[in-house]
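These notes are about the structure you will find just below.
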Amino acid sequence: MPPAVASLWATIALIMSDRQVILQALEQIRRRLRLTRALHDIALILGMVAVALLLWRVPHVFASQPAVLAAAVLTALLSWIASAWLLLRSRMGARSTLGAAAAAADAGAGLKDELKTAYWFLEQPSLSPWVSAQIARAAQSARRLEPAALVPLRPDRTTLAGGSAALALVVAVWLLPPFAPGSDAAPPADVVSEADARQAQLLRELIPQTEDAATAAKLEQALRTLERKTATDAEKQRALAKAKEAVEQQNLQAASTREGLYKLSEKLSGNKALAEVAKALEEGDAAKAARMMQNTAAARDAAKGKEAGSSTPDQHEQEKDLDQLLKEATQGDDKTTQANASVAAREAIDRLNQIAEKLEVQSKLREAAQSLSRLQLAVAQRSQMAAGRFSRSQSQSSTPSPDSGQTNMPGGVMFRSAAVAQENRPSQQQEGSKTGAALGDSEADPVLGKKVTPLDVQLKREAVTGEQQEDAEGKPKNWYYTESKQQASVVDYQGVGARSSFALGQSTGPEGISIQHRQIVKDYFMTLRQGSQR
Amino acid sequence: MTTAVDRQVEVFRENFRVVRDEVSRIIVGNEDNIVGIMTCLLARGHVLLEGIPGIGKTKLVQTLADVLHLKFSRIQFTPDLMPGDIIGTTVVRENEAGRKFMEFQPGPIFANLVLADEINRATPKTQSALLEAMQENSVSAGGQTHPLQQPFFVLATMNPLEMEGTYPLPEAQLDRFFFKLKLDFPSAQGLNEIIERTTKQHDPQVERVLGQGEILEMRETARSIPVAKPVQEYAIRLTLATHPESELATAMTKRFVRFGASPRGTQALVLGAKVNALVNDRLYVAAEDIRAVALNALRHRLLLNFDAEAERVNTDAILQDILERTPEPS
């Protein structure tokens, strides 16, 4: 505040009564409180708008992740409700009375209820000297107040922080690309486009070759998905998987055809004229079989001088099996049958050529399916999570070989039999080992128990011999068991102690001479006495 | 421009400061308790001092009596103390003419400052002898009522540890005390100061700085402070919050309190707050003044239940909870 304005304000304030000073100061504070509250409300409304924008944007970002989408939408919705509640509470709790301004001034300037009390006294009719003195003091405090410092025109820190956070979140979500599931790190744009381009090219080549309309439709759909720029990796994965499934279906039909050719070769194996054809059929080469059949028919026609075009169409109106046609083609003893054989041969050749063409297309489709798998893996490996999911989906369709147990996996072959350690001899059980040998044999621990000495070893039979005491067999009647010599030699712990204490007692007796040496000592002194007597 | 009110407040504050400083020459620490005792004296109340033995309860009262130019008497409460020993008794006297007559011999309670030392050691009958004196400022004996000289100020001390052979003060008598002050054990620095002051050749001496008239004048000043209605309602809300059956009761009150504070509690809150406001140079009572005296004014007026005793919850904790949860006047 400039000095001139301040001095002017001081002069005016002196002229004004205490009541006017207090009310004017409170009015100023009330105006600023209103403005601050308006700022607060604006910040809250902006926050609500930001959250609404988030709500609008979140489905676009997390479109491929329903769970994340639901959580994000729920969180944004809750935030919006919280903001709305705060706004409502702010509006409902908004009090713009002079009393509230006095309370704010007291709190801001540390006046300890001075203005609040003064304002309350001002509203009361009775005035005592004490009240007047209090109002005068409050007016002095009011003159010193600086409303601008007390109530700064800015939203409070919480509102500001919340608004900034909401704004930053909106900007971040707005700039965020659509979320790809599990894509921890986005691959370079050129790599992605190259893989997609190769897949699209492959599919584009496959579609004209596909005879089946449903398969072609699926391939076209996959191609459209690949070529769509907004398609996510997950969508491309799903489209490729569907295309591959359709191609696999065609492969199954080809396998069925090959099996039919093999069975046909078995049926024709006894026919010498068709041996070459049968061999070609067994190899699954329908084109070769057709060529062989053509050669066979030409050779037969040349040999028999058969006239071409004398076939009777009536006989071939009905559709015949290929094996029947082939057998008919090799017959032809008379003229009629020769003509029929010639017709049958041509039809069989046509059928075989058709089969060969179909197999060729299917072969191409199989190659295309393998290429698709490789490309699908390449796309999936853009992220570790997707690659893992792709591996699981691939391994589920792979069937282990019943002979070897090996399973073809996208990353290699899983060997089942190599993990078993073979060993001819059962290994010795190691101390503490509870698993046993590799073959499952385990040596049991020896049975542990209390060592028992048989009674006949512990005891010795003693007899009291005498006259007329033997029984009929001559054995003594009066007998008893006593301790055997072996048992007597066993010294238990207590016995050892007793013996040592006895020996100690003997050696430390009044004489101080042990039993062992007593005789020697006695003999020594006897010798001395005898010597002295001499 | 200094008004008469301002001068009155200035005199009050100066007298208060002088007494506090003079007592502090003898009593180490316990500034809050000195202020509390002075508040009781100026609010026409009586104070109960609680503290362990040897902490300076009696010394504090004796020092205050030395500082104030008032008549002081000390009553050592013992189990065999009789009410007559406190109030006084009627004796038979003989005049010059040889005629005998009954004369009331006033007891030690007829003083301005009465120290009831270890009040819980006397029997309830003797304790109740103080009731009328404390509340009515008069004594009835021999069919006559004898007014007590003002200011009449009872300072009772109580030892919370030795409960054997004591008679706990009944709630009715506790309620008569304006404040209940707790004297805490001094800190290491405080102990050091005590040793410094009391182990030398000469003990510090205090001067009589305040007389009877000045104290009565200060009492009048304290009562003159206006209280705004919202602040008064705040004191009422605090009192009601101590009652478990009240709508304003906190969860802690409902759980641990059997009976809440009486209306005397509210009176003590407001009167104590008035003195506190004057001491802090305020001409009005703020919510802060109410909070400042709430513990001293209400802690002995709450009767706790068994749950509180079992969980060792004291009244101070409950009052702190009430102070935190009761909204201030807006």
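In the structure tokens, the first chain shown is A, the next is B, and so on; residue numbers restart at 1 for each chain, and ligands run from 1 in the order shown.
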
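Residue neighbourhood of Thr166 (chain B), excluding near-sequence residues (fewer than 4 positions): Pro79, Ile119, Asn120, Arg121, Ala122, Thr123 and Glu162 of chain B, at 9 Å, using only C-alpha atoms.
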
Write out, as JSON lines, each residue of chain A that has an atom at most 10 Å from chain B, together with the closest pair of atoms and their distance in Å to one decimal, counting only C-alpha atoms, rows going by chain and rising number.
{"residue": "A:Gly99", "atom": "CA", "partner": "B:Ser330", "partner_atom": "CA", "distance": 7.6}
{"residue": "A:Ala100", "atom": "CA", "partner": "B:Ser330", "partner_atom": "CA", "distance": 7.2}
{"residue": "A:Ala102", "atom": "CA", "partner": "B:Ser330", "partner_atom": "CA", "distance": 9.2}
{"residue": "A:Ala103", "atom": "CA", "partner": "B:Ser330", "partner_atom": "CA", "distance": 6.6}
{"residue": "A:Ala104", "atom": "CA", "partner": "B:Ser330", "partner_atom": "CA", "distance": 9.7}
{"residue": "A:Leu111", "atom": "CA", "partner": "B:Ala286", "partner_atom": "CA", "distance": 9.8}
{"residue": "A:Lys112", "atom": "CA", "partner": "B:Ala286", "partner_atom": "CA", "distance": 6.5}
{"residue": "A:Asp113", "atom": "CA", "partner": "B:Ala286", "partner_atom": "CA", "distance": 5.7}
{"residue": "A:Glu114", "atom": "CA", "partner": "B:Ala286", "partner_atom": "CA", "distance": 7.5}
{"residue": "A:Lys116", "atom": "CA", "partner": "B:Ser330", "partner_atom": "CA", "distance": 8.0}
{"residue": "A:Thr117", "atom": "CA", "partner": "B:Ala228", "partner_atom": "CA", "distance": 6.1}
{"residue": "A:Ala118", "atom": "CA", "partner": "B:Ala228", "partner_atom": "CA", "distance": 8.6}
{"residue": "A:Tyr119", "atom": "CA", "partner": "B:Ala228", "partner_atom": "CA", "distance": 9.8}
{"residue": "A:Trp120", "atom": "CA", "partner": "B:Ala228", "partner_atom": "CA", "distance": 6.8}
{"residue": "A:Phe121", "atom": "CA", "partner": "B:Ala228", "partner_atom": "CA", "distance": 7.0}
{"residue": "A:Gln124", "atom": "CA", "partner": "B:Ala228", "partner_atom": "CA", "distance": 9.7}
{"residue": "A:Ser128", "atom": "CA", "partner": "B:Pro226", "partner_atom": "CA", "distance": 8.6}
{"residue": "A:Pro129", "atom": "CA", "partner": "B:Val5", "partner_atom": "CA", "distance": 7.1}
{"residue": "A:Trp130", "atom": "CA", "partner": "B:Val5", "partner_atom": "CA", "distance": 6.4}
{"residue": "A:Val131", "atom": "CA", "partner": "B:Pro226", "partner_atom": "CA", "distance": 6.6}
{"residue": "A:Ser132", "atom": "CA", "partner": "B:Val5", "partner_atom": "CA", "distance": 9.4}
{"residue": "A:Ala133", "atom": "CA", "partner": "B:Val5", "partner_atom": "CA", "distance": 6.9}
{"residue": "A:Gln134", "atom": "CA", "partner": "B:Leu283", "partner_atom": "CA", "distance": 5.4}
{"residue": "A:Ile135", "atom": "CA", "partner": "B:Leu283", "partner_atom": "CA", "distance": 9.2}
{"residue": "A:Ala136", "atom": "CA", "partner": "B:Met1", "partner_atom": "CA", "distance": 10.0}
{"residue": "A:Arg137", "atom": "CA", "partner": "B:Leu283", "partner_atom": "CA", "distance": 8.5}
{"residue": "A:Ala138", "atom": "CA", "partner": "B:Leu283", "partner_atom": "CA", "distance": 9.9}

Please provide the set of residues having any atom within 8 Å of Leu41 (chain B), restricted to only C-alpha atoms, with same-chain residues fewer than 5 positions apart removed, written as a list in words. His46, Pro151 and Phe153 of chain B

For the residues in that selection, give me N, CA, C and O atoms as a compact mmCIF listing (two decimals), in the first residue's frame.
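Wrote it out as out07.txt, contents follow:
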# COMPACT_ATOMS: atom_id res chain seq x y z
N HIS B 46 -12.11 -22.19 45.96
CA HIS B 46 -11.18 -22.90 46.85
C HIS B 46 -10.45 -23.93 46.01
O HIS B 46 -10.97 -24.41 45.00
N PRO B 151 -11.13 -11.91 52.05
CA PRO B 151 -11.35 -13.15 51.28
C PRO B 151 -11.16 -14.39 52.13
O PRO B 151 -10.25 -14.43 52.96
N PHE B 153 -10.35 -18.27 51.76
CA PHE B 153 -9.77 -19.11 50.73
C PHE B 153 -9.22 -20.37 51.37
O PHE B 153 -8.31 -20.32 52.20

Excluding region 72-74 of chain B and any residue of its chain fewer than 2 positions from it, enumerate the residues within 6 Å of it, using only C-alpha atoms, and give them as a list in words. Pro108, Ala111, Asn112, Leu113, Val114 and Leu115 of chain B

Would you write out those residues with C-alpha atoms, as a compact mmCIF listing (two decimals), in the first residue's frame?
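Dumped to part36.txt:
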# COMPACT_ATOMS: atom_id res chain seq x y z
CA PRO B 108 -8.76 -21.96 62.86
CA ALA B 111 -8.86 -16.87 58.73
CA ASN B 112 -8.43 -15.57 55.22
CA LEU B 113 -6.20 -18.36 54.05
CA VAL B 114 -6.89 -21.79 55.50
CA LEU B 115 -4.55 -24.63 54.73

With only C-alpha atoms as the atoms that count, which of A:Ala472, A:Ala149, A:Leu459, A:Ile355 lies nearest to Asp285 (chain A)?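 Looking only at the distances to Asp285 (chain A), the closest residue turns out to be A:Ile355.
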
DSSP strand (DSSP E or B) selection over region 115-192 of chain B, as a ChimeraX atom specification: /B:115-117,138-141,144-147,153-158,179-182

Keeping N, CA, C and O atoms, export the residues of the selection given above as a PDB file, in the first residue's frame.
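Written file, again-v4.pdb:
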ATOM      1  N   LEU B 115      -5.192 -23.464  55.330  1.00  0.00           N
ATOM      2  CA  LEU B 115      -4.548 -24.633  54.727  1.00  0.00           C
ATOM      3  C   LEU B 115      -5.073 -25.890  55.407  1.00  0.00           C
ATOM      4  O   LEU B 115      -4.799 -26.121  56.589  1.00  0.00           O
ATOM      5  N   ALA B 116      -5.840 -26.682  54.668  1.00  0.00           N
ATOM      6  CA  ALA B 116      -6.339 -27.958  55.194  1.00  0.00           C
ATOM      7  C   ALA B 116      -5.390 -29.041  54.709  1.00  0.00           C
ATOM      8  O   ALA B 116      -5.540 -29.597  53.622  1.00  0.00           O
ATOM      9  N   ASP B 117      -4.371 -29.293  55.543  1.00  0.00           N
ATOM     10  CA  ASP B 117      -3.304 -30.191  55.107  1.00  0.00           C
ATOM     11  C   ASP B 117      -3.743 -31.646  55.245  1.00  0.00           C
ATOM     12  O   ASP B 117      -4.222 -32.072  56.287  1.00  0.00           O
ATOM     13  N   SER B 138     -19.655 -18.896  55.733  1.00  0.00           N
ATOM     14  CA  SER B 138     -20.111 -18.637  57.111  1.00  0.00           C
ATOM     15  C   SER B 138     -20.076 -19.952  57.881  1.00  0.00           C
ATOM     16  O   SER B 138     -20.038 -21.021  57.278  1.00  0.00           O
ATOM     17  N   VAL B 139     -20.096 -19.825  59.206  1.00  0.00           N
ATOM     18  CA  VAL B 139     -20.019 -21.004  60.069  1.00  0.00           C
ATOM     19  C   VAL B 139     -21.173 -20.948  61.063  1.00  0.00           C
ATOM     20  O   VAL B 139     -21.425 -19.902  61.661  1.00  0.00           O
ATOM     21  N   SER B 140     -21.877 -22.044  61.231  1.00  0.00           N
ATOM     22  CA  SER B 140     -22.964 -22.120  62.210  1.00  0.00           C
ATOM     23  C   SER B 140     -22.496 -22.927  63.414  1.00  0.00           C
ATOM     24  O   SER B 140     -22.084 -24.077  63.268  1.00  0.00           O
ATOM     25  N   ALA B 141     -22.560 -22.298  64.565  1.00  0.00           N
ATOM     26  CA  ALA B 141     -22.163 -22.983  65.791  1.00  0.00           C
ATOM     27  C   ALA B 141     -22.964 -22.422  66.941  1.00  0.00           C
ATOM     28  O   ALA B 141     -23.127 -21.192  67.044  1.00  0.00           O
ATOM     29  N   GLN B 144     -25.856 -20.110  66.195  1.00  0.00           N
ATOM     30  CA  GLN B 144     -25.557 -18.807  65.608  1.00  0.00           C
ATOM     31  C   GLN B 144     -24.717 -18.979  64.355  1.00  0.00           C
ATOM     32  O   GLN B 144     -23.920 -19.919  64.252  1.00  0.00           O
ATOM     33  N   THR B 145     -24.908 -18.068  63.412  1.00  0.00           N
ATOM     34  CA  THR B 145     -24.130 -18.098  62.180  1.00  0.00           C
ATOM     35  C   THR B 145     -23.073 -17.017  62.243  1.00  0.00           C
ATOM     36  O   THR B 145     -23.382 -15.839  62.476  1.00  0.00           O
ATOM     37  N   HIS B 146     -21.855 -17.431  62.046  1.00  0.00           N
ATOM     38  CA  HIS B 146     -20.741 -16.496  62.118  1.00  0.00           C
ATOM     39  C   HIS B 146     -20.162 -16.320  60.724  1.00  0.00           C
ATOM     40  O   HIS B 146     -19.647 -17.292  60.150  1.00  0.00           O
ATOM     41  N   PRO B 147     -20.265 -15.139  60.151  1.00  0.00           N
ATOM     42  CA  PRO B 147     -19.690 -14.941  58.805  1.00  0.00           C
ATOM     43  C   PRO B 147     -18.168 -14.976  58.858  1.00  0.00           C
ATOM     44  O   PRO B 147     -17.563 -14.565  59.843  1.00  0.00           O
ATOM     45  N   PHE B 153     -10.350 -18.267  51.762  1.00  0.00           N
ATOM     46  CA  PHE B 153      -9.772 -19.109  50.728  1.00  0.00           C
ATOM     47  C   PHE B 153      -9.219 -20.375  51.367  1.00  0.00           C
ATOM     48  O   PHE B 153      -8.314 -20.315  52.203  1.00  0.00           O
ATOM     49  N   VAL B 154      -9.819 -21.508  51.017  1.00  0.00           N
ATOM     50  CA  VAL B 154      -9.372 -22.790  51.554  1.00  0.00           C
ATOM     51  C   VAL B 154      -8.459 -23.467  50.544  1.00  0.00           C
ATOM     52  O   VAL B 154      -8.823 -23.613  49.374  1.00  0.00           O
ATOM     53  N   LEU B 155      -7.299 -23.853  51.022  1.00  0.00           N
ATOM     54  CA  LEU B 155      -6.379 -24.627  50.185  1.00  0.00           C
ATOM     55  C   LEU B 155      -6.195 -25.983  50.850  1.00  0.00           C
ATOM     56  O   LEU B 155      -5.618 -26.059  51.944  1.00  0.00           O
ATOM     57  N   ALA B 156      -6.706 -26.993  50.234  1.00  0.00           N
ATOM     58  CA  ALA B 156      -6.600 -28.338  50.805  1.00  0.00           C
ATOM     59  C   ALA B 156      -5.562 -29.126  50.023  1.00  0.00           C
ATOM     60  O   ALA B 156      -5.455 -28.987  48.805  1.00  0.00           O
ATOM     61  N   THR B 157      -4.805 -29.921  50.767  1.00  0.00           N
ATOM     62  CA  THR B 157      -3.839 -30.785  50.073  1.00  0.00           C
ATOM     63  C   THR B 157      -4.251 -32.229  50.271  1.00  0.00           C
ATOM     64  O   THR B 157      -4.898 -32.587  51.260  1.00  0.00           O
ATOM     65  N   MET B 158      -3.835 -33.040  49.326  1.00  0.00           N
ATOM     66  CA  MET B 158      -4.232 -34.451  49.361  1.00  0.00           C
ATOM     67  C   MET B 158      -3.107 -35.277  48.749  1.00  0.00           C
ATOM     68  O   MET B 158      -2.512 -34.875  47.740  1.00  0.00           O
ATOM     69  N   PHE B 179     -10.958 -25.415  41.746  1.00  0.00           N
ATOM     70  CA  PHE B 179      -9.961 -26.096  40.924  1.00  0.00           C
ATOM     71  C   PHE B 179      -9.383 -27.272  41.690  1.00  0.00           C
ATOM     72  O   PHE B 179      -9.289 -27.234  42.914  1.00  0.00           O
ATOM     73  N   LYS B 180      -8.982 -28.273  40.932  1.00  0.00           N
ATOM     74  CA  LYS B 180      -8.134 -29.310  41.513  1.00  0.00           C
ATOM     75  C   LYS B 180      -6.825 -29.278  40.726  1.00  0.00           C
ATOM     76  O   LYS B 180      -6.804 -29.527  39.517  1.00  0.00           O
ATOM     77  N   LEU B 181      -5.765 -28.944  41.444  1.00  0.00           N
ATOM     78  CA  LEU B 181      -4.468 -28.806  40.769  1.00  0.00           C
ATOM     79  C   LEU B 181      -3.594 -29.999  41.098  1.00  0.00           C
ATOM     80  O   LEU B 181      -3.567 -30.470  42.239  1.00  0.00           O
ATOM     81  N   LYS B 182      -2.880 -30.451  40.100  1.00  0.00           N
ATOM     82  CA  LYS B 182      -1.970 -31.585  40.293  1.00  0.00           C
ATOM     83  C   LYS B 182      -0.545 -31.063  40.261  1.00  0.00           C
ATOM     84  O   LYS B 182      -0.143 -30.410  39.298  1.00  0.00           O
TER      85      LYS B 182
END

Near Gly190 (chain B), counting only C-alpha atoms, which residues have an atom at most 8 Å away, once you skip same-chain residues fewer than 3 positions from it, shown as number ranges by chain? B: 28-29, 186-187, 193-194

How would the residues just chosen look if you wrote them out with all heavy atoms as a PDB file, in the first residue's frame?
ATOM      1  N   VAL B  28       9.890 -23.430  43.131  1.00  0.00           N
ATOM      2  CA  VAL B  28      10.547 -23.666  41.850  1.00  0.00           C
ATOM      3  C   VAL B  28       9.552 -24.357  40.915  1.00  0.00           C
ATOM      4  O   VAL B  28       8.893 -25.325  41.301  1.00  0.00           O
ATOM      5  CB  VAL B  28      11.789 -24.554  42.041  1.00  0.00           C
ATOM      6  CG1 VAL B  28      12.426 -24.858  40.692  1.00  0.00           C
ATOM      7  CG2 VAL B  28      12.775 -23.875  42.962  1.00  0.00           C
ATOM      8  N   GLY B  29       9.497 -23.877  39.683  1.00  0.00           N
ATOM      9  CA  GLY B  29       8.569 -24.462  38.716  1.00  0.00           C
ATOM     10  C   GLY B  29       7.142 -24.178  39.139  1.00  0.00           C
ATOM     11  O   GLY B  29       6.856 -23.195  39.821  1.00  0.00           O
ATOM     12  N   PRO B 186       9.156 -32.375  40.087  1.00  0.00           N
ATOM     13  CA  PRO B 186       9.962 -31.416  39.310  1.00  0.00           C
ATOM     14  C   PRO B 186      10.956 -32.118  38.392  1.00  0.00           C
ATOM     15  O   PRO B 186      11.367 -33.251  38.643  1.00  0.00           O
ATOM     16  CB  PRO B 186      10.677 -30.590  40.384  1.00  0.00           C
ATOM     17  CG  PRO B 186      10.645 -31.431  41.602  1.00  0.00           C
ATOM     18  CD  PRO B 186       9.422 -32.280  41.527  1.00  0.00           C
ATOM     19  N   SER B 187      11.355 -31.414  37.374  1.00  0.00           N
ATOM     20  CA  SER B 187      12.344 -31.947  36.435  1.00  0.00           C
ATOM     21  C   SER B 187      13.732 -31.876  37.067  1.00  0.00           C
ATOM     22  O   SER B 187      13.908 -31.350  38.180  1.00  0.00           O
ATOM     23  CB  SER B 187      12.318 -31.125  35.152  1.00  0.00           C
ATOM     24  OG  SER B 187      12.665 -29.792  35.443  1.00  0.00           O
ATOM     25  N   GLU B 193      17.455 -26.454  40.923  1.00  0.00           N
ATOM     26  CA  GLU B 193      17.100 -25.115  41.405  1.00  0.00           C
ATOM     27  C   GLU B 193      16.651 -25.181  42.866  1.00  0.00           C
ATOM     28  O   GLU B 193      17.020 -24.317  43.693  1.00  0.00           O
ATOM     29  CB  GLU B 193      15.982 -24.560  40.525  1.00  0.00           C
ATOM     30  CG  GLU B 193      15.642 -23.117  40.752  1.00  0.00           C
ATOM     31  CD  GLU B 193      16.624 -22.176  40.088  1.00  0.00           C
ATOM     32  OE1 GLU B 193      17.437 -22.659  39.271  1.00  0.00           O
ATOM     33  OE2 GLU B 193      16.581 -20.997  40.420  1.00  0.00           O
ATOM     34  N   ILE B 194      15.885 -26.223  43.206  1.00  0.00           N
ATOM     35  CA  ILE B 194      15.415 -26.379  44.595  1.00  0.00           C
ATOM     36  C   ILE B 194      16.602 -26.531  45.539  1.00  0.00           C
ATOM     37  O   ILE B 194      16.670 -25.903  46.604  1.00  0.00           O
ATOM     38  CB  ILE B 194      14.472 -27.594  44.694  1.00  0.00           C
ATOM     39  CG1 ILE B 194      13.145 -27.285  43.987  1.00  0.00           C
ATOM     40  CG2 ILE B 194      14.207 -27.980  46.141  1.00  0.00           C
ATOM     41  CD1 ILE B 194      12.257 -28.490  43.803  1.00  0.00           C
TER      42      ILE B 194
END

Using only C-alpha atoms, determine which residues lie at most 9 Å from Met218 (chain B), disregarding the query and same-chain residues fewer than 2 positions distant; provide the list as a list in words.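 Listing them by chain and then by number gives Gln8, Val9, Val11, Phe12, Asn15, Phe16, Leu42, Gly213, Glu214, Ile215, Leu216, Glu220, Thr221, Ala222 and Arg223 of chain B.
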
Would you pick out the contacts of Tyr480 (chain A) at 9 Å or less, using only C-alpha atoms, so that residues sharing its chain but fewer than 2 positions from it are not included, and give the list as a VMD selection string? chain A and resid 460 to 464 478 482

Residues as selected, N, CA, C and O atoms, written as a tab-separated table (two decimals), in the first residue's frame, can you do that?
chain	number	residue	atom	x	y	z
A	460	LYS	N	24.10	-120.66	33.82
A	460	LYS	CA	24.80	-121.96	33.86
A	460	LYS	C	24.07	-122.85	34.88
A	460	LYS	O	23.71	-122.36	35.95
A	461	ARG	N	23.85	-124.06	34.47
A	461	ARG	CA	23.11	-124.96	35.36
A	461	ARG	C	24.08	-125.64	36.31
A	461	ARG	O	25.03	-126.29	35.89
A	462	GLU	N	23.81	-125.53	37.60
A	462	GLU	CA	24.65	-126.15	38.63
A	462	GLU	C	23.82	-127.26	39.31
A	462	GLU	O	22.60	-127.13	39.41
A	463	ALA	N	24.44	-128.27	39.76
A	463	ALA	CA	23.72	-129.37	40.41
A	463	ALA	C	24.39	-129.72	41.74
A	463	ALA	O	25.61	-129.57	41.89
A	464	VAL	N	23.55	-130.14	42.68
A	464	VAL	CA	24.08	-130.60	43.98
A	464	VAL	C	24.14	-132.12	43.90
A	464	VAL	O	23.12	-132.79	43.84
A	478	ASN	N	18.55	-132.16	42.34
A	478	ASN	CA	18.69	-130.82	42.91
A	478	ASN	C	19.62	-129.99	42.04
A	478	ASN	O	20.83	-130.22	42.03
A	482	THR	N	22.87	-120.65	37.86
A	482	THR	CA	23.76	-119.62	38.38
A	482	THR	C	24.33	-118.81	37.21
A	482	THR	O	24.12	-119.16	36.05

Between CA of Ile29 (chain A) and CA of Ala139 (chain A), measure the distance and give it in Å to one decimal.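 That distance, rounded to one decimal, is 14.5 Å.
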